[in-house]
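Just coords-v9.txt here, compact mmCIF, C-alpha atoms (C1' of nucleotides) and all ligand atoms:
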# COMPACT_ATOMS: atom_id res chain seq x y z
CA MET A 1 -5.09 2.55 -23.38
CA LYS A 2 -3.43 5.13 -21.20
CA ILE A 3 -0.03 6.73 -21.40
CA SER A 4 1.92 6.19 -18.21
CA ALA A 5 3.05 8.85 -15.78
CA LYS A 6 6.55 7.94 -16.79
CA GLY A 7 5.66 8.82 -20.34
CA GLU A 8 4.11 12.12 -19.40
CA TYR A 9 6.88 13.13 -17.01
CA GLY A 10 9.48 12.19 -19.56
CA ILE A 11 7.90 14.30 -22.26
CA ILE A 12 7.59 17.27 -19.92
CA ALA A 13 11.24 16.89 -19.01
CA LEU A 14 12.35 16.53 -22.59
CA ILE A 15 10.52 19.66 -23.65
CA ASP A 16 12.09 21.50 -20.77
CA VAL A 17 15.56 20.35 -21.71
CA ALA A 18 14.83 21.31 -25.29
CA ASN A 19 13.95 24.78 -24.09
CA TYR A 20 17.48 25.20 -22.85
CA TYR A 21 18.99 23.88 -26.03
CA GLY A 22 22.39 25.40 -26.72
CA GLY A 23 22.86 26.63 -23.19
CA GLU A 24 23.94 25.21 -19.88
CA PRO A 25 22.87 21.72 -18.89
CA ILE A 26 19.70 21.53 -16.87
CA GLN A 27 19.44 19.44 -13.71
CA ALA A 28 16.91 16.76 -12.98
CA LYS A 29 16.31 18.38 -9.62
CA SER A 30 15.38 21.66 -11.24
CA ILE A 31 12.92 20.01 -13.61
CA ALA A 32 11.42 17.98 -10.81
CA ASN A 33 10.84 21.06 -8.69
CA ARG A 34 9.33 23.19 -11.39
CA TYR A 35 6.93 20.58 -12.68
CA ASN A 36 6.22 18.91 -9.40
CA ILE A 37 7.63 15.53 -10.35
CA PRO A 38 9.15 13.23 -7.71
CA GLU A 39 12.85 13.87 -7.92
CA ARG A 40 14.23 10.35 -7.66
CA PHE A 41 11.61 9.10 -10.03
CA LEU A 42 12.61 11.66 -12.61
CA GLU A 43 16.23 10.61 -12.25
CA GLN A 44 15.31 7.17 -13.45
CA ILE A 45 13.30 8.58 -16.29
CA MET A 46 16.22 10.69 -17.41
CA THR A 47 18.36 7.58 -17.42
CA THR A 48 15.85 5.96 -19.73
CA LEU A 49 15.96 8.93 -22.04
CA LYS A 50 19.73 8.84 -21.97
CA LYS A 51 19.89 5.16 -22.84
CA ALA A 52 17.58 5.88 -25.75
CA GLY A 53 20.04 8.46 -27.00
CA LEU A 54 17.70 11.41 -26.64
CA VAL A 55 19.65 13.28 -23.99
CA LYS A 56 23.25 13.28 -22.87
CA SER A 57 24.34 13.83 -19.32
CA ILE A 58 27.09 15.77 -17.66
CA ARG A 59 28.09 14.39 -14.31
CA GLY A 60 29.39 16.07 -11.22
CA SER A 61 28.78 19.51 -9.85
CA HIS A 62 27.14 21.88 -12.33
CA GLY A 63 26.18 18.83 -14.29
CA GLY A 64 22.82 18.06 -15.78
CA TYR A 65 21.20 17.07 -19.04
CA GLN A 66 21.27 18.37 -22.57
CA LEU A 67 19.61 17.20 -25.73
CA ALA A 68 21.65 14.68 -27.64
CA LYS A 69 20.22 15.95 -30.92
CA THR A 70 18.59 19.13 -32.09
CA PRO A 71 15.04 19.87 -30.91
CA TRP A 72 13.69 19.42 -34.42
CA GLU A 73 15.27 16.00 -34.74
CA ILE A 74 13.49 14.52 -31.74
CA THR A 75 9.81 13.71 -32.02
CA LEU A 76 7.26 12.87 -29.37
CA GLY A 77 7.14 9.46 -31.00
CA ASP A 78 10.81 8.91 -30.20
CA ALA A 79 10.16 10.00 -26.65
CA LEU A 80 7.19 7.77 -25.99
CA LYS A 81 8.80 4.83 -27.67
CA ALA A 82 11.73 5.19 -25.30
CA LEU A 83 9.62 5.79 -22.23
CA ASP A 84 6.67 3.45 -22.58
CA GLY A 85 8.56 0.89 -24.62
CA ASP A 86 6.11 0.89 -27.45
CA ILE A 87 3.10 2.71 -28.81
CA SER A 88 1.14 -0.17 -30.25
CA PRO A 89 -2.28 -1.04 -28.89
CA MET A 90 -1.62 -4.79 -28.99
CA TYR A 91 1.48 -6.92 -28.73
CA CYS A 92 1.00 -8.59 -32.08
CA VAL A 93 1.51 -5.29 -33.89
CA SER A 94 4.40 -4.12 -31.76
CA GLU A 95 7.58 -3.13 -33.55
CA ASN A 96 9.73 -5.26 -31.31
CA ASN A 97 7.32 -8.09 -31.86
CA LYS A 98 8.13 -10.80 -29.37
CA GLU A 99 4.80 -12.17 -28.30
CA GLN A 100 2.46 -13.37 -30.97
CA CYS A 101 -1.25 -13.86 -30.62
CA SER A 102 -2.22 -17.50 -30.77
CA LYS A 103 -4.27 -17.54 -33.94
CA GLU A 104 -2.36 -14.77 -35.60
CA ARG A 105 -2.71 -15.94 -39.17
CA LEU A 106 -6.43 -16.41 -38.73
CA CYS A 107 -7.06 -13.06 -37.11
CA THR A 108 -9.00 -10.34 -38.88
CA ILE A 109 -8.75 -7.91 -36.00
CA LYS A 110 -5.02 -7.51 -36.26
CA ASP A 111 -5.49 -5.17 -39.21
CA VAL A 112 -7.44 -2.85 -36.96
CA TRP A 113 -4.68 -2.70 -34.37
CA GLU A 114 -2.25 -2.09 -37.16
CA GLU A 115 -4.26 0.84 -38.42
CA ILE A 116 -4.50 2.35 -34.96
CA ARG A 117 -0.82 1.93 -34.37
CA GLY A 118 -0.26 3.65 -37.65
CA CYS A 119 -2.30 6.73 -36.88
CA ILE A 120 -0.83 7.16 -33.42
CA GLN A 121 2.63 6.75 -34.82
CA LYS A 122 1.95 9.23 -37.57
CA THR A 123 0.64 11.85 -35.19
CA LEU A 124 3.43 11.48 -32.67
CA SER A 125 6.24 11.37 -35.15
CA SER A 126 5.03 14.55 -36.78
CA ILE A 127 5.52 16.60 -33.63
CA THR A 128 9.05 17.60 -32.69
CA LEU A 129 10.35 19.05 -29.47
CA LYS A 130 10.91 22.24 -31.40
CA ASP A 131 7.19 22.38 -32.18
CA MET A 132 6.36 21.99 -28.52
CA CYS A 133 8.81 24.70 -27.49
CA ASN A 134 7.35 27.06 -30.05
CA LYS A 135 3.84 26.44 -28.87
CA LYS A 136 4.87 27.06 -25.29
CA MET A 137 6.58 30.32 -26.24
CA GLU A 138 3.64 31.55 -28.25
CA ARG A 139 1.28 31.01 -25.40
CA GLU A 140 3.55 32.66 -22.91
CA MET A 141 3.83 35.70 -25.16
CA LYS A 142 0.08 36.16 -25.09
CA ALA A 143 -0.33 35.60 -21.39
CA ALA A 144 2.22 37.57 -19.49
CA HIS A 145 3.78 36.13 -16.36
CA MET A 146 2.41 32.66 -16.93
CA TYR A 147 4.65 29.68 -17.38
CA PHE A 148 3.28 26.90 -19.52
CA ILE A 149 4.31 23.29 -19.61
CA MET B 1 -0.96 2.04 -24.30
CA LYS B 2 -2.31 -1.45 -24.60
CA ILE B 3 -5.84 -2.67 -25.12
CA SER B 4 -6.87 -5.07 -22.38
CA ALA B 5 -7.68 -8.72 -22.76
CA LYS B 6 -11.19 -7.80 -21.78
CA GLY B 7 -11.31 -5.46 -24.73
CA GLU B 8 -9.98 -8.02 -27.15
CA TYR B 9 -12.17 -10.85 -25.89
CA GLY B 10 -15.19 -8.61 -26.00
CA ILE B 11 -14.60 -7.60 -29.58
CA ILE B 12 -14.09 -11.20 -30.63
CA ALA B 13 -17.32 -12.12 -28.93
CA LEU B 14 -19.23 -9.24 -30.43
CA ILE B 15 -18.10 -10.10 -33.93
CA ASP B 16 -19.13 -13.67 -33.34
CA VAL B 17 -22.57 -12.66 -32.12
CA ALA B 18 -22.85 -10.36 -35.12
CA ASN B 19 -22.14 -13.32 -37.35
CA TYR B 20 -25.30 -14.98 -36.12
CA TYR B 21 -27.37 -11.86 -36.54
CA GLY B 22 -30.99 -12.66 -37.30
CA GLY B 23 -30.73 -16.24 -36.08
CA GLU B 24 -30.76 -18.09 -32.81
CA PRO B 25 -29.08 -16.59 -29.78
CA ILE B 26 -25.51 -17.66 -29.23
CA GLN B 27 -24.22 -18.82 -25.85
CA ALA B 28 -21.27 -17.42 -23.96
CA LYS B 29 -20.07 -20.96 -23.43
CA SER B 30 -19.97 -21.61 -27.15
CA ILE B 31 -17.99 -18.46 -27.83
CA ALA B 32 -15.61 -19.20 -25.01
CA ASN B 33 -14.93 -22.67 -26.34
CA ARG B 34 -14.39 -21.70 -29.93
CA TYR B 35 -12.08 -18.80 -29.21
CA ASN B 36 -10.39 -20.26 -26.19
CA ILE B 37 -11.56 -17.61 -23.75
CA PRO B 38 -12.09 -18.46 -20.05
CA GLU B 39 -15.79 -19.14 -19.77
CA ARG B 40 -16.61 -17.34 -16.54
CA PHE B 41 -14.53 -14.39 -17.56
CA LEU B 42 -16.44 -14.08 -20.81
CA GLU B 43 -19.71 -14.17 -18.90
CA GLN B 44 -18.70 -10.99 -17.14
CA ILE B 45 -17.62 -9.40 -20.36
CA MET B 46 -20.97 -10.18 -21.95
CA THR B 47 -22.65 -8.51 -19.00
CA THR B 48 -20.60 -5.41 -19.67
CA LEU B 49 -21.64 -5.45 -23.31
CA LYS B 50 -25.23 -5.89 -22.28
CA LYS B 51 -25.17 -2.98 -19.88
CA ALA B 52 -23.74 -0.87 -22.68
CA GLY B 53 -26.72 -1.77 -24.81
CA LEU B 54 -24.74 -3.58 -27.47
CA VAL B 55 -26.20 -7.04 -26.93
CA LYS B 56 -29.39 -8.34 -25.41
CA SER B 57 -29.63 -11.57 -23.51
CA ILE B 58 -32.10 -14.41 -23.38
CA ARG B 59 -32.03 -16.27 -20.12
CA GLY B 60 -32.71 -19.87 -19.31
CA SER B 61 -32.26 -22.99 -21.36
CA HIS B 62 -31.57 -22.32 -25.03
CA GLY B 63 -30.75 -18.78 -24.04
CA GLY B 64 -27.80 -16.75 -25.15
CA TYR B 65 -26.95 -13.42 -26.65
CA GLN B 66 -28.04 -11.47 -29.67
CA LEU B 67 -27.06 -8.07 -30.99
CA ALA B 68 -29.20 -5.28 -29.63
CA LYS B 69 -28.77 -3.32 -32.86
CA THR B 70 -27.88 -4.17 -36.41
CA PRO B 71 -24.26 -5.11 -37.18
CA TRP B 72 -23.77 -1.94 -39.18
CA GLU B 73 -24.95 0.22 -36.30
CA ILE B 74 -22.32 -1.00 -33.87
CA THR B 75 -18.74 0.17 -34.29
CA LEU B 76 -15.56 -1.08 -32.73
CA GLY B 77 -15.43 2.29 -31.02
CA ASP B 78 -18.69 1.55 -29.24
CA ALA B 79 -17.33 -1.80 -28.21
CA LEU B 80 -14.03 -0.60 -26.82
CA LYS B 81 -15.63 2.32 -25.09
CA ALA B 82 -17.91 -0.10 -23.30
CA LEU B 83 -15.21 -2.62 -22.49
CA ASP B 84 -12.18 -0.56 -21.60
CA GLY B 85 -14.16 2.39 -20.33
CA ASP B 86 -12.52 4.88 -22.56
CA ILE B 87 -10.18 5.19 -25.50
CA SER B 88 -8.31 8.34 -24.57
CA PRO B 89 -4.57 8.22 -23.97
CA MET B 90 -4.76 10.52 -20.93
CA TYR B 91 -7.41 11.23 -18.35
CA CYS B 92 -7.58 14.94 -19.09
CA VAL B 93 -8.92 14.26 -22.57
CA SER B 94 -11.32 11.53 -21.55
CA GLU B 95 -14.93 11.92 -22.58
CA ASN B 96 -16.19 11.19 -19.11
CA ASN B 97 -13.67 13.66 -17.80
CA LYS B 98 -13.50 13.27 -14.07
CA GLU B 99 -9.86 13.69 -13.20
CA GLN B 100 -8.12 16.78 -14.38
CA CYS B 101 -4.42 17.28 -14.69
CA SER B 102 -3.07 19.73 -12.18
CA LYS B 103 -1.88 22.49 -14.45
CA GLU B 104 -4.46 21.86 -17.11
CA ARG B 105 -4.86 25.41 -18.30
CA LEU B 106 -1.13 25.82 -18.62
CA CYS B 107 -0.52 22.59 -20.45
CA THR B 108 0.58 22.55 -24.07
CA ILE B 109 0.74 18.77 -24.26
CA LYS B 110 -2.96 18.29 -23.82
CA ASP B 111 -3.51 19.22 -27.44
CA VAL B 112 -1.36 16.28 -28.44
CA TRP B 113 -3.39 13.82 -26.40
CA GLU B 114 -6.51 15.32 -27.88
CA GLU B 115 -5.24 14.76 -31.37
CA ILE B 116 -4.35 11.16 -30.63
CA ARG B 117 -7.69 10.51 -29.05
CA GLY B 118 -9.24 11.95 -32.17
CA CYS B 119 -7.46 9.71 -34.61
CA ILE B 120 -8.07 6.57 -32.58
CA GLN B 121 -11.71 7.49 -32.22
CA LYS B 122 -12.03 8.18 -35.91
CA THR B 123 -10.50 4.89 -36.90
CA LEU B 124 -12.50 2.81 -34.47
CA SER B 125 -15.81 4.47 -35.12
CA SER B 126 -15.42 3.94 -38.84
CA ILE B 127 -15.37 0.17 -38.52
CA THR B 128 -18.66 -1.61 -37.90
CA LEU B 129 -19.29 -5.17 -36.86
CA LYS B 130 -20.70 -5.68 -40.32
CA ASP B 131 -17.34 -4.70 -41.78
CA MET B 132 -15.60 -7.22 -39.58
CA CYS B 133 -18.02 -9.98 -40.51
CA ASN B 134 -17.54 -9.25 -44.17
CA LYS B 135 -13.79 -9.37 -43.88
CA LYS B 136 -13.99 -12.68 -42.05
CA MET B 137 -16.28 -14.14 -44.71
CA GLU B 138 -14.10 -12.98 -47.57
CA ARG B 139 -11.04 -14.59 -46.08
CA GLU B 140 -12.84 -17.81 -45.38
CA MET B 141 -14.05 -17.95 -48.97
CA LYS B 142 -10.48 -17.83 -50.22
CA ALA B 143 -9.10 -20.34 -47.75
CA ALA B 144 -11.34 -23.35 -47.57
CA HIS B 145 -11.87 -25.10 -44.25
CA MET B 146 -10.27 -22.35 -42.22
CA TYR B 147 -12.17 -20.45 -39.60
CA PHE B 148 -11.05 -16.91 -39.00
CA ILE B 149 -11.61 -14.74 -35.98
C1' DA C 1 -38.25 -32.09 -12.26
C1' DT C 2 -34.13 -31.22 -14.80
C1' DA C 3 -30.73 -29.21 -17.41
C1' DA C 4 -29.04 -25.20 -19.49
C1' DT C 5 -28.41 -20.90 -19.39
C1' DT C 6 -27.74 -15.86 -17.71
C1' DC C 7 -26.92 -13.02 -13.55
C1' DC C 8 -24.95 -11.23 -9.21
C1' DT C 9 -21.32 -10.82 -5.99
C1' DA C 10 -17.27 -11.79 -3.94
C1' DC C 11 -12.74 -13.17 -4.02
C1' DC C 12 -7.97 -14.13 -5.45
C1' DA C 13 -3.26 -14.18 -7.62
C1' DT C 14 -0.11 -11.84 -10.31
C1' DT C 15 1.71 -8.14 -12.59
C1' DC C 16 2.57 -3.45 -13.35
C1' DC C 17 3.14 1.23 -11.81
C1' DG C 18 4.65 5.00 -9.30
C1' DA C 19 7.60 5.95 -6.05
C1' DT C 20 11.17 5.68 -2.40
C1' DA C 21 15.81 4.56 -0.67
C1' DG C 22 20.76 3.77 0.01
C1' DG C 23 24.85 4.52 -1.44
C1' DG C 24 28.57 4.90 -5.19
C1' DA C 25 30.98 7.61 -8.95
C1' DT C 26 32.16 11.92 -10.94
C1' DT C 27 33.23 16.74 -11.13
C1' DA C 28 33.53 21.94 -10.23
C1' DT C 29 35.14 25.06 -6.94
C1' DA C 30 36.59 27.07 -2.66
C1' DT D 1 42.23 18.51 -0.77
C1' DA D 2 37.73 18.79 1.24
C1' DT D 3 33.03 19.71 0.06
C1' DA D 4 28.93 20.04 -2.24
C1' DA D 5 26.38 19.04 -6.18
C1' DT D 6 25.36 16.18 -9.53
C1' DC D 7 24.39 11.80 -12.12
C1' DC D 8 24.27 6.62 -11.67
C1' DC D 9 23.15 1.84 -10.15
C1' DT D 10 20.32 -1.36 -7.75
C1' DA D 11 16.96 -2.82 -4.64
C1' DT D 12 12.69 -2.49 -2.57
C1' DC D 13 7.89 -1.49 -1.69
C1' DG D 14 2.81 -0.34 -1.44
C1' DG D 15 -1.20 0.05 -4.05
C1' DA D 16 -3.92 -0.43 -7.99
C1' DA D 17 -5.24 -2.68 -11.98
C1' DT D 18 -5.69 -6.86 -14.54
C1' DG D 19 -7.08 -11.41 -15.59
C1' DG D 20 -9.33 -14.95 -13.80
C1' DT D 21 -11.95 -18.12 -10.46
C1' DA D 22 -15.93 -19.37 -7.59
C1' DG D 23 -20.47 -20.01 -5.43
C1' DG D 24 -24.80 -19.87 -5.99
C1' DA D 25 -29.36 -17.47 -7.34
C1' DA D 26 -32.79 -16.61 -11.06
C1' DT D 27 -34.84 -17.86 -15.30
C1' DT D 28 -36.52 -20.80 -18.95
C1' DA D 29 -37.21 -24.76 -22.40
C1' DT D 30 -38.21 -29.48 -22.48
S1 LIG A 201 -3.40 -11.55 -33.95
FE1 LIG A 201 -3.18 -10.18 -32.33
S2 LIG A 201 -5.27 -9.60 -31.98
FE2 LIG A 201 -5.45 -11.11 -33.45
S1 LIG A 202 -3.51 18.72 -18.95
FE1 LIG A 202 -3.46 16.61 -19.03
S2 LIG A 202 -1.45 16.21 -19.79
FE2 LIG A 202 -1.42 18.33 -19.51
Could you render the structure as structure tokens?
Ligand code: FES
Ligand code: FES
Amino acid sequence: MKISAKGEYGIIALIDVANYYGGEPIQAKSIANRYNIPERFLEQIMTTLKKAGLVKSIRGSHGGYQLAKTPWEITLGDALKALDGDISPMYCVSENNKEQCSKERLCTIKDVWEEIRGCIQKTLSSITLKDMCNKKMEREMKAAHMYFI
Amino acid sequence: MKISAKGEYGIIALIDVANYYGGEPIQAKSIANRYNIPERFLEQIMTTLKKAGLVKSIRGSHGGYQLAKTPWEITLGDALKALDGDISPMYCVSENNKEQCSKERLCTIKDVWEEIRGCIQKTLSSITLKDMCNKKMEREMKAAHMYFI
DNA sequence: ATAATTCCTACCATTCCGATAGGGATTATA
DNA sequence: TATAATCCCTATCGGAATGGTAGGAATTAT
């Protein structure tokens, strides 16, 4: 029941990119350095985010990443779905439901997984990158010279 | 973000034991057979549940397992906490918080994990074994000759 | 005595995760 | 046009976790 490092790194990166929304593209290398994320690993993560349509990339020198939508159009749910594949606690209630449990029709527990998936989904899809940026800014206003994630 | 097989098997077993509440102890072997769970694996799971104080065991011939509390005193939250160790989506918001994230005090994402942990916890701790038994019974009443999990 | 059970400990195979690595493609700019 | 800075693609790898197996000891009813 844990969110992967990939998921966490990806969210950190996305929030960072969102912070630069409207400006110059931001490089994977820069993000990796500032948040202490392995550089080559982050590259792969950014590719994932790109394939999911959350960021767009600019290649070549002075290249980097920018949001593919506005910060208030992208939710943490979108991010985690792209990064960890899914946010359901059990395969039988996954959105891209491939694997079924054996006794699915006779299972009374499935409802529980469904409910959990629902509340996670609801929470995550209610928080946008914009929200996260705002929170970060607020905190940095109160505590001078400190950079929040 | 998936619940382990151990977690699922354990919950199935617990519900089954709860179904026999007040009667004879029920054997791991019997549970394993009926729900198609590897026998020796289930033995270990039952040990986990025992150590967590959810079931008590009776050794020797005609032995087996019984609930250590009433079915309405044990929640699915108790069960999963015992089986999967924890239900938090990130170590920094775990109840038995050992590992801390590096920049914990500067992290704005932690709040999100906290919120998710909260809603999972709330859902799981609101469902008792009694609830699950009732649901099972209701469904079996409506569909004759079918045994639900 | 025997059979049925739980209990304890070790082990094993596979998968997943986090990360590293090499090298190619693209682009600004000097 | 050369160079440096990027992103991009693919392969690989070590370690940890997961799911399961195994042997045999301890306990108990019959
Ligand atoms: S159907 Fe998936 S847990 Fe029962
Ligand atoms: S402190 Fe744990 S994710 Fe930020």
Could you superpose chain B on chain A by least squares over every Cα, matched in sequence order, and send it back as a CSV table (one decimal) with C-alpha atoms, keeping the file's coordinate frame?
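File result.csv, as written:
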chain,number,residue,atom,x,y,z
B,1,MET,CA,-5.1,2.6,-23.4
B,2,LYS,CA,-3.4,5.1,-21.2
B,3,ILE,CA,0.0,6.7,-21.4
B,4,SER,CA,1.9,6.2,-18.2
B,5,ALA,CA,3.1,8.8,-15.8
B,6,LYS,CA,6.6,7.9,-16.8
B,7,GLY,CA,5.7,8.8,-20.3
B,8,GLU,CA,4.1,12.1,-19.4
B,9,TYR,CA,6.9,13.1,-17.0
B,10,GLY,CA,9.5,12.2,-19.5
B,11,ILE,CA,7.9,14.3,-22.2
B,12,ILE,CA,7.6,17.3,-19.9
B,13,ALA,CA,11.2,16.9,-19.0
B,14,LEU,CA,12.3,16.5,-22.6
B,15,ILE,CA,10.5,19.6,-23.7
B,16,ASP,CA,12.1,21.5,-20.8
B,17,VAL,CA,15.6,20.3,-21.7
B,18,ALA,CA,14.8,21.3,-25.3
B,19,ASN,CA,13.9,24.8,-24.1
B,20,TYR,CA,17.5,25.2,-22.9
B,21,TYR,CA,19.0,23.9,-26.1
B,22,GLY,CA,22.4,25.4,-26.8
B,23,GLY,CA,22.9,26.6,-23.2
B,24,GLU,CA,23.9,25.2,-19.9
B,25,PRO,CA,22.9,21.7,-18.9
B,26,ILE,CA,19.7,21.5,-16.9
B,27,GLN,CA,19.4,19.4,-13.7
B,28,ALA,CA,16.9,16.7,-13.0
B,29,LYS,CA,16.3,18.4,-9.6
B,30,SER,CA,15.4,21.6,-11.2
B,31,ILE,CA,12.9,20.0,-13.6
B,32,ALA,CA,11.4,18.0,-10.8
B,33,ASN,CA,10.8,21.0,-8.7
B,34,ARG,CA,9.3,23.2,-11.4
B,35,TYR,CA,6.9,20.6,-12.7
B,36,ASN,CA,6.2,18.9,-9.4
B,37,ILE,CA,7.6,15.5,-10.3
B,38,PRO,CA,9.2,13.2,-7.7
B,39,GLU,CA,12.9,13.9,-7.9
B,40,ARG,CA,14.2,10.3,-7.6
B,41,PHE,CA,11.6,9.1,-10.0
B,42,LEU,CA,12.6,11.6,-12.6
B,43,GLU,CA,16.2,10.6,-12.2
B,44,GLN,CA,15.3,7.2,-13.5
B,45,ILE,CA,13.3,8.6,-16.3
B,46,MET,CA,16.2,10.7,-17.4
B,47,THR,CA,18.4,7.6,-17.4
B,48,THR,CA,15.8,5.9,-19.7
B,49,LEU,CA,16.0,8.9,-22.0
B,50,LYS,CA,19.7,8.8,-22.0
B,51,LYS,CA,19.9,5.2,-22.9
B,52,ALA,CA,17.6,5.9,-25.8
B,53,GLY,CA,20.0,8.5,-27.0
B,54,LEU,CA,17.7,11.4,-26.7
B,55,VAL,CA,19.6,13.3,-24.0
B,56,LYS,CA,23.2,13.3,-22.9
B,57,SER,CA,24.3,13.8,-19.3
B,58,ILE,CA,27.1,15.8,-17.7
B,59,ARG,CA,28.0,14.4,-14.3
B,60,GLY,CA,29.3,16.0,-11.2
B,61,SER,CA,28.8,19.5,-9.8
B,62,HIS,CA,27.1,21.8,-12.3
B,63,GLY,CA,26.2,18.8,-14.3
B,64,GLY,CA,22.8,18.1,-15.8
B,65,TYR,CA,21.2,17.1,-19.0
B,66,GLN,CA,21.3,18.4,-22.6
B,67,LEU,CA,19.6,17.2,-25.7
B,68,ALA,CA,21.7,14.7,-27.7
B,69,LYS,CA,20.2,16.0,-30.9
B,70,THR,CA,18.6,19.1,-32.1
B,71,PRO,CA,15.0,19.9,-30.9
B,72,TRP,CA,13.7,19.4,-34.4
B,73,GLU,CA,15.3,16.0,-34.8
B,74,ILE,CA,13.5,14.5,-31.8
B,75,THR,CA,9.8,13.7,-32.0
B,76,LEU,CA,7.3,12.9,-29.4
B,77,GLY,CA,7.2,9.5,-31.0
B,78,ASP,CA,10.8,8.9,-30.2
B,79,ALA,CA,10.2,10.0,-26.7
B,80,LEU,CA,7.2,7.8,-26.0
B,81,LYS,CA,8.8,4.8,-27.7
B,82,ALA,CA,11.7,5.2,-25.3
B,83,LEU,CA,9.6,5.8,-22.2
B,84,ASP,CA,6.7,3.4,-22.6
B,85,GLY,CA,8.5,0.9,-24.6
B,86,ASP,CA,6.1,0.9,-27.4
B,87,ILE,CA,3.1,2.7,-28.8
B,88,SER,CA,1.2,-0.2,-30.3
B,89,PRO,CA,-2.3,-1.0,-28.9
B,90,MET,CA,-1.6,-4.8,-29.0
B,91,TYR,CA,1.5,-6.9,-28.7
B,92,CYS,CA,1.0,-8.6,-32.1
B,93,VAL,CA,1.5,-5.3,-33.9
B,94,SER,CA,4.4,-4.1,-31.8
B,95,GLU,CA,7.6,-3.1,-33.5
B,96,ASN,CA,9.7,-5.2,-31.3
B,97,ASN,CA,7.3,-8.1,-31.8
B,98,LYS,CA,8.1,-10.7,-29.3
B,99,GLU,CA,4.8,-12.1,-28.3
B,100,GLN,CA,2.5,-13.3,-30.9
B,101,CYS,CA,-1.2,-13.8,-30.6
B,102,SER,CA,-2.2,-17.5,-30.7
B,103,LYS,CA,-4.3,-17.5,-33.9
B,104,GLU,CA,-2.3,-14.7,-35.6
B,105,ARG,CA,-2.7,-15.9,-39.1
B,106,LEU,CA,-6.4,-16.4,-38.7
B,107,CYS,CA,-7.0,-13.1,-37.1
B,108,THR,CA,-9.0,-10.4,-38.9
B,109,ILE,CA,-8.7,-7.9,-36.0
B,110,LYS,CA,-5.0,-7.5,-36.3
B,111,ASP,CA,-5.5,-5.2,-39.2
B,112,VAL,CA,-7.4,-2.9,-37.0
B,113,TRP,CA,-4.7,-2.7,-34.4
B,114,GLU,CA,-2.2,-2.1,-37.2
B,115,GLU,CA,-4.2,0.8,-38.4
B,116,ILE,CA,-4.5,2.4,-35.0
B,117,ARG,CA,-0.8,1.9,-34.4
B,118,GLY,CA,-0.3,3.7,-37.7
B,119,CYS,CA,-2.3,6.7,-36.9
B,120,ILE,CA,-0.8,7.1,-33.4
B,121,GLN,CA,2.6,6.7,-34.8
B,122,LYS,CA,2.0,9.2,-37.6
B,123,THR,CA,0.6,11.8,-35.2
B,124,LEU,CA,3.4,11.5,-32.7
B,125,SER,CA,6.2,11.4,-35.1
B,126,SER,CA,5.0,14.5,-36.8
B,127,ILE,CA,5.5,16.6,-33.6
B,128,THR,CA,9.0,17.6,-32.7
B,129,LEU,CA,10.3,19.1,-29.5
B,130,LYS,CA,10.9,22.2,-31.4
B,131,ASP,CA,7.2,22.4,-32.2
B,132,MET,CA,6.4,22.0,-28.5
B,133,CYS,CA,8.8,24.7,-27.5
B,134,ASN,CA,7.3,27.0,-30.1
B,135,LYS,CA,3.8,26.4,-28.9
B,136,LYS,CA,4.9,27.1,-25.3
B,137,MET,CA,6.6,30.3,-26.2
B,138,GLU,CA,3.7,31.6,-28.3
B,139,ARG,CA,1.3,31.0,-25.4
B,140,GLU,CA,3.6,32.7,-22.9
B,141,MET,CA,3.9,35.7,-25.2
B,142,LYS,CA,0.1,36.2,-25.1
B,143,ALA,CA,-0.3,35.6,-21.4
B,144,ALA,CA,2.3,37.6,-19.5
B,145,HIS,CA,3.8,36.1,-16.3
B,146,MET,CA,2.4,32.7,-16.9
B,147,TYR,CA,4.7,29.7,-17.4
B,148,PHE,CA,3.3,26.9,-19.5
B,149,ILE,CA,4.3,23.3,-19.6
One-decimal distance in Å that lies between CA of Gly60 (chain B) and CA of Asn19 (chain B):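 So the answer is 21.9 Å.
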Write out as a list in words each polymer residue whose atoms come within 10 Å of Pro38 (chain A), counting all atoms listed in the file; drop sequence neighbours fewer than 3 positions from it.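 The neighbour list is Tyr9, Lys29, Ile31, Ala32, Asn33, Tyr35, Phe41, Leu42 and Glu43 of chain A; DG18, DA19 and DT20 of chain C.
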Please give me, as a list in words, the residues lying within 6 Å of ligand LIG 202 (chain A) when counting only C-alpha atoms (C1' of nucleotides) and all ligand atoms.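 Residues satisfying the distance criterion: Cys92, Cys101, Glu104, Cys107, Ile109 and Lys110 of chain B.
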Set the cut-off to 10 Å, count all atoms listed in the file, and list whatever residues fall near ligand LIG 201 (chain A) as a VMD selection string. (chain A and resid 89 to 94 99 to 114) or (chain B and resid 3 5 8 to 9 11 to 12 148 to 149)
Please tabulate, as a tab-separated table, the residues of chain B that come within 6 Å of chain C, each with its closest pair of atoms and the distance in Å to one decimal, counting only C-alpha atoms (C1' of nucleotides) and ordering rows by chain, then residue number upward.
residue	atom	partner	partner_atom	distance
B:Arg59	CA	C:DT6	C1'	4.9
B:Gly60	CA	C:DT5	C1'	4.4
B:Ser61	CA	C:DA4	C1'	4.3
B:Gly63	CA	C:DT5	C1'	5.6
Gap from CA of Gly77 (chain B) to CA of Ile120 (chain B) - Å, one decimal: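 Atom-to-atom, CA of Gly77 (chain B) to CA of Ile120 (chain B), that is 8.7 Å.
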Using only C-alpha atoms, which of the listed residues (B:Ser30, B:Ser125, B:Ser88, B:Asn134) sits closest to chain A?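 Using only C-alpha atoms, chain A sits closest to B:Ser88.
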Which residue, B:Ile37, B:Leu83, B:Ile116, B:Ile15, has the smallest gap to Lys51 (chain B) when you use only C-alpha atoms?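 Under the stated criterion, the closest residue is B:Leu83.
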Return as a list in words the residues belonging to chain D that are within 8 Å of chain B, counting only C-alpha atoms (C1' of nucleotides). DG19, DG20, DT21, DT27, DT28 and DA29 of chain D
